[in-house]
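Colleague: File follows, upload_37.cif with mmCIF, C-alpha atoms, pLDDT in the B column; chains and numbers go by the auth columns:
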data_final
loop_
_atom_site.group_PDB
_atom_site.id
_atom_site.type_symbol
_atom_site.label_atom_id
_atom_site.label_comp_id
_atom_site.label_asym_id
_atom_site.label_seq_id
_atom_site.Cartn_x
_atom_site.Cartn_y
_atom_site.Cartn_z
_atom_site.B_iso_or_equiv
_atom_site.auth_seq_id
_atom_site.auth_asym_id
ATOM 1 C CA MET A 1 176.028 153.042 -14.323 43.00 1 A
ATOM 2 C CA PRO A 2 179.759 153.077 -15.147 46.00 2 A
ATOM 3 C CA ASP A 3 181.550 149.968 -16.273 46.00 3 A
ATOM 4 C CA LEU A 4 182.719 148.575 -12.950 46.00 4 A
ATOM 5 C CA ILE A 5 184.400 145.491 -14.315 47.00 5 A
ATOM 6 C CA ASP A 6 187.217 147.129 -16.278 46.00 6 A
ATOM 7 C CA GLY A 7 188.353 149.286 -13.348 47.00 7 A
ATOM 8 C CA SER A 8 187.508 152.576 -15.042 48.00 8 A
ATOM 9 C CA GLU A 9 185.573 153.875 -12.053 48.00 9 A
ATOM 10 C CA ASN A 10 187.664 156.224 -9.969 53.00 10 A
ATOM 11 C CA VAL A 11 187.575 156.441 -6.195 56.00 11 A
ATOM 12 C CA SER A 12 185.088 159.121 -5.307 69.00 12 A
ATOM 13 C CA VAL A 13 181.946 159.347 -3.249 72.00 13 A
ATOM 14 C CA HIS A 14 179.975 158.677 -6.434 77.00 14 A
ATOM 15 C CA GLY A 15 182.192 155.696 -7.388 82.00 15 A
ATOM 16 C CA ILE A 16 182.035 154.132 -3.921 84.00 16 A
ATOM 17 C CA PHE A 17 178.267 154.672 -3.836 88.00 17 A
ATOM 18 C CA ASN A 18 177.950 152.832 -7.177 89.00 18 A
ATOM 19 C CA TRP A 19 179.981 149.917 -5.830 89.00 19 A
ATOM 20 C CA ILE A 20 177.923 149.769 -2.638 92.00 20 A
ATOM 21 C CA LEU A 21 174.695 149.849 -4.648 93.00 21 A
ATOM 22 C CA LEU A 22 175.924 147.139 -7.026 91.00 22 A
ATOM 23 C CA LEU A 23 177.097 144.919 -4.153 94.00 23 A
ATOM 24 C CA ALA A 24 173.834 145.449 -2.242 95.00 24 A
ATOM 25 C CA ILE A 25 171.723 144.433 -5.238 94.00 25 A
ATOM 26 C CA PHE A 26 174.009 141.476 -5.935 94.00 26 A
ATOM 27 C CA SER A 27 173.844 140.425 -2.261 96.00 27 A
ATOM 28 C CA VAL A 28 170.049 140.571 -2.022 96.00 28 A
ATOM 29 C CA ILE A 29 169.591 138.522 -5.188 94.00 29 A
ATOM 30 C CA THR A 30 172.198 136.008 -3.992 95.00 30 A
ATOM 31 C CA VAL A 31 170.525 135.691 -0.581 97.00 31 A
ATOM 32 C CA ILE A 32 167.179 135.012 -2.258 96.00 32 A
ATOM 33 C CA ALA A 33 168.780 132.368 -4.510 93.00 33 A
ATOM 34 C CA ASN A 34 170.587 130.928 -1.504 94.00 34 A
ATOM 35 C CA TYR A 35 167.331 130.633 0.442 95.00 35 A
ATOM 36 C CA LEU A 36 165.282 129.213 -2.427 94.00 36 A
ATOM 37 C CA GLY A 37 167.929 126.805 -3.682 91.00 37 A
ATOM 38 C CA TYR A 38 169.685 125.709 -0.505 93.00 38 A
ATOM 39 C CA LYS A 39 167.275 126.615 2.330 95.00 39 A
ATOM 40 C CA HIS A 40 169.909 128.602 4.274 96.00 40 A
ATOM 41 C CA PRO A 41 168.413 131.122 6.709 96.00 41 A
ATOM 42 C CA ILE A 42 168.032 134.568 5.145 97.00 42 A
ATOM 43 C CA ALA A 43 169.578 136.386 8.127 97.00 43 A
ATOM 44 C CA ASP A 44 172.726 134.231 8.127 97.00 44 A
ATOM 45 C CA SER A 45 173.064 134.544 4.344 97.00 45 A
ATOM 46 C CA LEU A 46 172.681 138.328 4.555 97.00 46 A
ATOM 47 C CA VAL A 47 175.453 138.563 7.123 98.00 47 A
ATOM 48 C CA GLY A 48 177.655 136.272 5.002 98.00 48 A
ATOM 49 C CA MET A 49 177.060 138.329 1.872 97.00 49 A
ATOM 50 C CA GLY A 50 177.655 141.490 3.895 97.00 50 A
ATOM 51 C CA ILE A 51 181.067 140.174 4.928 98.00 51 A
ATOM 52 C CA LEU A 52 181.911 139.176 1.345 97.00 52 A
ATOM 53 C CA SER A 53 180.704 142.529 0.007 97.00 53 A
ATOM 54 C CA PHE A 54 182.700 144.466 2.591 97.00 54 A
ATOM 55 C CA ILE A 55 185.861 142.533 1.713 97.00 55 A
ATOM 56 C CA THR A 56 185.187 143.224 -1.980 95.00 56 A
ATOM 57 C CA LEU A 57 184.663 146.933 -1.348 95.00 57 A
ATOM 58 C CA ILE A 58 187.927 147.203 0.594 96.00 58 A
ATOM 59 C CA GLY A 59 189.803 145.296 -2.137 95.00 59 A
ATOM 60 C CA VAL A 60 188.459 147.535 -4.894 92.00 60 A
ATOM 61 C CA TRP A 61 189.287 150.635 -2.861 92.00 61 A
ATOM 62 C CA LEU A 62 192.841 149.391 -2.188 94.00 62 A
ATOM 63 C CA GLU A 63 193.383 148.691 -5.888 92.00 63 A
ATOM 64 C CA ARG A 64 192.532 152.262 -6.745 89.00 64 A
ATOM 65 C CA GLU A 65 194.276 153.953 -3.811 92.00 65 A
ATOM 66 C CA LEU A 66 197.579 152.101 -3.583 93.00 66 A
ATOM 67 C CA PRO A 67 200.256 152.974 -6.139 92.00 67 A
ATOM 68 C CA PHE A 68 200.952 149.330 -7.044 92.00 68 A
ATOM 69 C CA ASN A 69 199.724 147.770 -10.268 91.00 69 A
ATOM 70 C CA VAL A 70 197.898 144.930 -8.505 92.00 70 A
ATOM 71 C CA SER A 71 194.434 143.586 -9.273 92.00 71 A
ATOM 72 C CA SER A 72 191.693 143.959 -6.681 93.00 72 A
ATOM 73 C CA ILE A 73 191.298 140.159 -6.772 93.00 73 A
ATOM 74 C CA LEU A 74 194.652 139.827 -5.003 95.00 74 A
ATOM 75 C CA TYR A 75 193.671 142.319 -2.303 96.00 75 A
ATOM 76 C CA ILE A 76 190.275 140.660 -1.828 96.00 76 A
ATOM 77 C CA SER A 77 191.887 137.208 -1.551 95.00 77 A
ATOM 78 C CA VAL A 78 194.522 138.333 0.954 96.00 78 A
ATOM 79 C CA ILE A 79 191.960 140.133 3.117 97.00 79 A
ATOM 80 C CA GLY A 80 189.667 137.085 3.052 96.00 80 A
ATOM 81 C CA ILE A 81 192.499 134.744 3.984 96.00 81 A
ATOM 82 C CA LEU A 82 193.679 136.998 6.802 97.00 82 A
ATOM 83 C CA ILE A 83 190.299 137.428 8.468 97.00 83 A
ATOM 84 C CA ALA A 84 189.392 133.728 8.114 95.00 84 A
ATOM 85 C CA PHE A 85 192.805 132.360 9.117 94.00 85 A
ATOM 86 C CA PRO A 86 192.573 130.023 12.139 93.00 86 A
ATOM 87 C CA GLY A 87 193.609 131.832 15.292 93.00 87 A
ATOM 88 C CA MET A 88 192.431 135.240 14.106 96.00 88 A
ATOM 89 C CA PRO A 89 189.720 136.724 16.332 97.00 89 A
ATOM 90 C CA THR A 90 187.428 137.115 13.315 97.00 90 A
ATOM 91 C CA SER A 91 187.917 133.572 12.041 96.00 91 A
ATOM 92 C CA GLU A 92 184.979 131.772 13.654 97.00 92 A
ATOM 93 C CA VAL A 93 182.406 134.449 12.854 97.00 93 A
ATOM 94 C CA VAL A 94 183.579 134.893 9.259 97.00 94 A
ATOM 95 C CA LEU A 95 183.716 131.163 8.571 96.00 95 A
ATOM 96 C CA TYR A 96 180.301 130.543 10.118 97.00 96 A
ATOM 97 C CA TYR A 97 178.433 133.213 8.158 97.00 97 A
ATOM 98 C CA VAL A 98 180.289 132.884 4.863 97.00 98 A
ATOM 99 C CA SER A 99 179.703 129.116 4.924 96.00 99 A
ATOM 100 C CA LYS A 100 175.971 129.910 4.875 96.00 100 A
ATOM 101 C CA VAL A 101 176.343 131.318 1.354 96.00 101 A
ATOM 102 C CA GLU A 102 176.587 128.668 -1.349 93.00 102 A
ATOM 103 C CA LEU A 103 179.080 129.225 -4.140 91.00 103 A
ATOM 104 C CA LEU A 104 176.568 128.225 -6.817 88.00 104 A
ATOM 105 C CA ALA A 105 174.127 130.889 -5.617 90.00 105 A
ATOM 106 C CA ILE A 106 176.846 133.523 -6.029 92.00 106 A
ATOM 107 C CA VAL A 107 178.009 132.207 -9.392 89.00 107 A
ATOM 108 C CA THR A 108 174.469 132.046 -10.780 86.00 108 A
ATOM 109 C CA VAL A 109 173.839 135.697 -9.987 88.00 109 A
ATOM 110 C CA PHE A 110 177.262 136.688 -11.315 86.00 110 A
ATOM 111 C CA LEU A 111 176.723 134.846 -14.596 81.00 111 A
ATOM 112 C CA ALA A 112 173.330 136.507 -14.990 80.00 112 A
ATOM 113 C CA TYR A 113 175.063 139.879 -14.537 80.00 113 A
ATOM 114 C CA VAL A 114 177.664 138.934 -17.144 76.00 114 A
ATOM 115 C CA GLY A 115 174.886 137.831 -19.479 72.00 115 A
ATOM 116 C CA ILE A 116 173.222 141.208 -19.124 73.00 116 A
ATOM 117 C CA GLY A 117 176.571 142.842 -19.883 73.00 117 A
ATOM 118 C CA MET A 118 176.897 140.681 -23.006 67.00 118 A
ATOM 119 C CA GLY A 119 173.413 141.712 -24.039 68.00 119 A
ATOM 120 C CA LYS A 120 174.544 145.324 -24.140 71.00 120 A
ATOM 121 C CA SER A 121 177.182 144.480 -26.721 72.00 121 A
ATOM 122 C CA TRP A 122 175.161 142.016 -28.778 68.00 122 A
ATOM 123 C CA ASP A 123 176.370 143.554 -32.042 74.00 123 A
ATOM 124 C CA GLU A 124 179.985 142.902 -31.052 73.00 124 A
ATOM 125 C CA PHE A 125 179.083 139.331 -30.117 69.00 125 A
ATOM 126 C CA LYS A 126 177.353 138.761 -33.465 73.00 126 A
ATOM 127 C CA ALA A 127 180.418 140.148 -35.252 77.00 127 A
ATOM 128 C CA LEU A 128 182.475 137.274 -33.822 75.00 128 A
ATOM 129 C CA GLY A 129 180.500 134.811 -35.916 78.00 129 A
ATOM 130 C CA TRP A 130 179.514 131.205 -35.491 79.00 130 A
ATOM 131 C CA ARG A 131 183.119 130.027 -35.118 82.00 131 A
ATOM 132 C CA ALA A 132 183.456 131.932 -31.837 78.00 132 A
ATOM 133 C CA VAL A 133 180.311 130.229 -30.522 76.00 133 A
ATOM 134 C CA VAL A 134 181.688 126.782 -31.402 84.00 134 A
ATOM 135 C CA ILE A 135 185.035 127.570 -29.781 86.00 135 A
ATOM 136 C CA THR A 136 183.283 128.903 -26.665 78.00 136 A
ATOM 137 C CA VAL A 137 181.206 125.733 -26.313 81.00 137 A
ATOM 138 C CA LEU A 138 184.304 123.555 -26.800 87.00 138 A
ATOM 139 C CA VAL A 139 186.279 125.524 -24.200 86.00 139 A
ATOM 140 C CA ILE A 140 183.462 125.272 -21.661 83.00 140 A
ATOM 141 C CA ALA A 141 183.033 121.531 -22.308 86.00 141 A
ATOM 142 C CA ALA A 142 186.776 120.893 -22.091 89.00 142 A
ATOM 143 C CA THR A 143 186.988 122.834 -18.837 88.00 143 A
ATOM 144 C CA TYR A 144 184.103 120.845 -17.386 87.00 144 A
ATOM 145 C CA TYR A 145 185.541 117.482 -18.424 90.00 145 A
ATOM 146 C CA GLY A 146 189.026 118.489 -17.282 88.00 146 A
ATOM 147 C CA ALA A 147 187.695 119.421 -13.851 88.00 147 A
ATOM 148 C CA ALA A 148 185.730 116.160 -13.676 88.00 148 A
ATOM 149 C CA ILE A 149 188.843 114.134 -14.540 92.00 149 A
ATOM 150 C CA VAL A 150 190.931 115.924 -11.909 91.00 150 A
ATOM 151 C CA ALA A 151 188.176 115.428 -9.313 87.00 151 A
ATOM 152 C CA HIS A 152 187.938 111.739 -10.168 89.00 152 A
ATOM 153 C CA ILE A 153 191.707 111.294 -9.847 91.00 153 A
ATOM 154 C CA VAL A 154 191.703 113.032 -6.462 88.00 154 A
ATOM 155 C CA LEU A 155 188.795 110.884 -5.261 87.00 155 A
ATOM 156 C CA VAL A 156 190.562 107.690 -6.357 88.00 156 A
ATOM 157 C CA LEU A 157 193.846 108.724 -4.736 89.00 157 A
ATOM 158 C CA THR A 158 192.148 109.609 -1.448 89.00 158 A
ATOM 159 C CA GLY A 159 190.131 106.391 -1.414 84.00 159 A
ATOM 160 C CA VAL A 160 186.718 108.041 -1.560 80.00 160 A
ATOM 161 C CA PRO A 161 184.291 105.809 -3.464 74.00 161 A
ATOM 162 C CA ALA A 162 182.952 107.381 -6.634 64.00 162 A
ATOM 163 C CA ALA A 163 179.199 107.793 -6.841 62.00 163 A
#
Would you kindly transcribe this structure into structure tokens?

Modeller:
Amino acid sequence: MPDLIDGSENVSVHGIFNWILLLAIFSVITVIANYLGYKHPIADSLVGMGILSFITLIGVWLERELPFNVSSILYISVIGILIAFPGMPTSEVVLYYVSKVELLAIVTVFLAYVGIGMGKSWDEFKALGWRAVVITVLVIAATYYGAAIVAHIVLVLTGVPAA
């Protein structure tokens, strides 16, 4: 399967088929995780992941078809905002079904995919040495603590009691 993360896949029937296959596999695994971890109905989660996958597919296609040097993330975000914006005819349906898919279920599957990708280049990872591992752990810890501090400040400012 071509490297779909770096954008090297061109727009062709074969390329679109690879994206659809990747998104379908990702969606099924996410729906299973969503059901097992959060007890959301499988049918609702499937529809939610279908909506998210369709938005992703359109964003990736736009990135490759339009002559602008813009990341697919921007297209995906704009499309998602537009179809979920209050007052849009699609808003209620999109918000209902997408809310049935937990972010942690998506992130868990995504991180597993990234881990598999790292496993392919294990020699490159080992070449970085132990210093890179220490720096990675420190960056992750600092990000976690930074997010916790910001969340605590927001909770205090809004008057929500901390747990």

Colleague: Between A:Ile42, A:Met88, A:Leu57, A:Leu103, which has the minimum distance to Ile73 of chain A (counting only C-alpha atoms)?

Modeller: A:Leu57

Colleague: From the list A:Ile106, A:Ile16, A:Ala43, A:Ile58, which residue is nearest Ile29 of chain A when using only C-alpha atoms?

Modeller: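 Between A:Ile106, A:Ile16, A:Ala43, A:Ile58, the residue approaching Ile29 of chain A most closely is A:Ile106.
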
Colleague: Neighbourhood query: residues within 10 Å of (193.2, 140.5, -3.4), file coordinates, counting only C-alpha atoms; return as a list in words.

Modeller: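 Residues close enough to count: Ile55, Thr56, Ile58, Gly59, Val60, Leu62, Glu63, Val70, Ser71, Ser72, Ile73, Leu74, Tyr75, Ile76, Ser77, Val78, Ile79, Gly80 and Ile81 of chain A.
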
Colleague: Between atom CA of Asn69 of chain A and atom CA of Asn18 of chain A, what is the spacing in Å?

Modeller: 22.6 Å

Colleague: Can you tell me, as a PyMOL selection string, which residues sit within 12 Å of (175.9, 145.4, -8.6) in the file's frame, using all atoms listed in the file?

Modeller: chain A and resi 1-5+16-30+53+56-57+109-110+112-114+116-117

Colleague: So which one's closest to Gly37 of chain A, A:Val154, A:Gly159, A:Ala147, A:Glu102? Using all atoms listed in the file, please.

Modeller: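 Result for the nearest residue to Gly37 of chain A: A:Glu102.
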
Colleague: Please, what distance in Å, to one decimal, runs between atom CA of Ser45 of chain A and atom CA of Val107 of chain A?

Modeller: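 We find that atom CA of Ser45 of chain A and atom CA of Val107 of chain A lie 14.8 Å from each other.
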
Colleague: What does the distance between atom CA of Ile140 of chain A and atom CA of His152 of chain A come to in Å, to one decimal place?

Modeller: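 Between atom CA of Ile140 of chain A and atom CA of His152 of chain A the gap is 18.3 Å.
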
Colleague: Would you kindly translate the PyMOL selection byres ((chain A and resi 84) around 12) into the concrete residues it picks from this file, as an MDAnalysis selection string?

Modeller: chainID A and resid 51:52 55 77:83 85:99

Colleague: Quick one: write out the picked residues with C-alpha atoms as an mmCIF file, in the frame of the given file?

Modeller:
data_model
loop_
_atom_site.group_PDB
_atom_site.id
_atom_site.type_symbol
_atom_site.label_atom_id
_atom_site.label_comp_id
_atom_site.auth_asym_id
_atom_site.auth_seq_id
_atom_site.Cartn_x
_atom_site.Cartn_y
_atom_site.Cartn_z
ATOM 1 C CA ILE A 51 181.067 140.174 4.928
ATOM 2 C CA LEU A 52 181.911 139.176 1.345
ATOM 3 C CA ILE A 55 185.861 142.533 1.713
ATOM 4 C CA SER A 77 191.887 137.208 -1.551
ATOM 5 C CA VAL A 78 194.522 138.333 0.954
ATOM 6 C CA ILE A 79 191.960 140.133 3.117
ATOM 7 C CA GLY A 80 189.667 137.085 3.052
ATOM 8 C CA ILE A 81 192.499 134.744 3.984
ATOM 9 C CA LEU A 82 193.679 136.998 6.802
ATOM 10 C CA ILE A 83 190.299 137.428 8.468
ATOM 11 C CA PHE A 85 192.805 132.360 9.117
ATOM 12 C CA PRO A 86 192.573 130.023 12.139
ATOM 13 C CA GLY A 87 193.609 131.832 15.292
ATOM 14 C CA MET A 88 192.431 135.240 14.106
ATOM 15 C CA PRO A 89 189.720 136.724 16.332
ATOM 16 C CA THR A 90 187.428 137.115 13.315
ATOM 17 C CA SER A 91 187.917 133.572 12.041
ATOM 18 C CA GLU A 92 184.979 131.772 13.654
ATOM 19 C CA VAL A 93 182.406 134.449 12.854
ATOM 20 C CA VAL A 94 183.579 134.893 9.259
ATOM 21 C CA LEU A 95 183.716 131.163 8.571
ATOM 22 C CA TYR A 96 180.301 130.543 10.118
ATOM 23 C CA TYR A 97 178.433 133.213 8.158
ATOM 24 C CA VAL A 98 180.289 132.884 4.863
ATOM 25 C CA SER A 99 179.703 129.116 4.924
#

Colleague: So, counting only C-alpha atoms, which residue among A:Ser121, A:Thr158, A:Thr136, A:Thr108 is closest to Val31 of chain A?

Modeller: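 Of A:Ser121, A:Thr158, A:Thr136, A:Thr108, the one nearest Val31 of chain A is A:Thr108, counting only C-alpha atoms.
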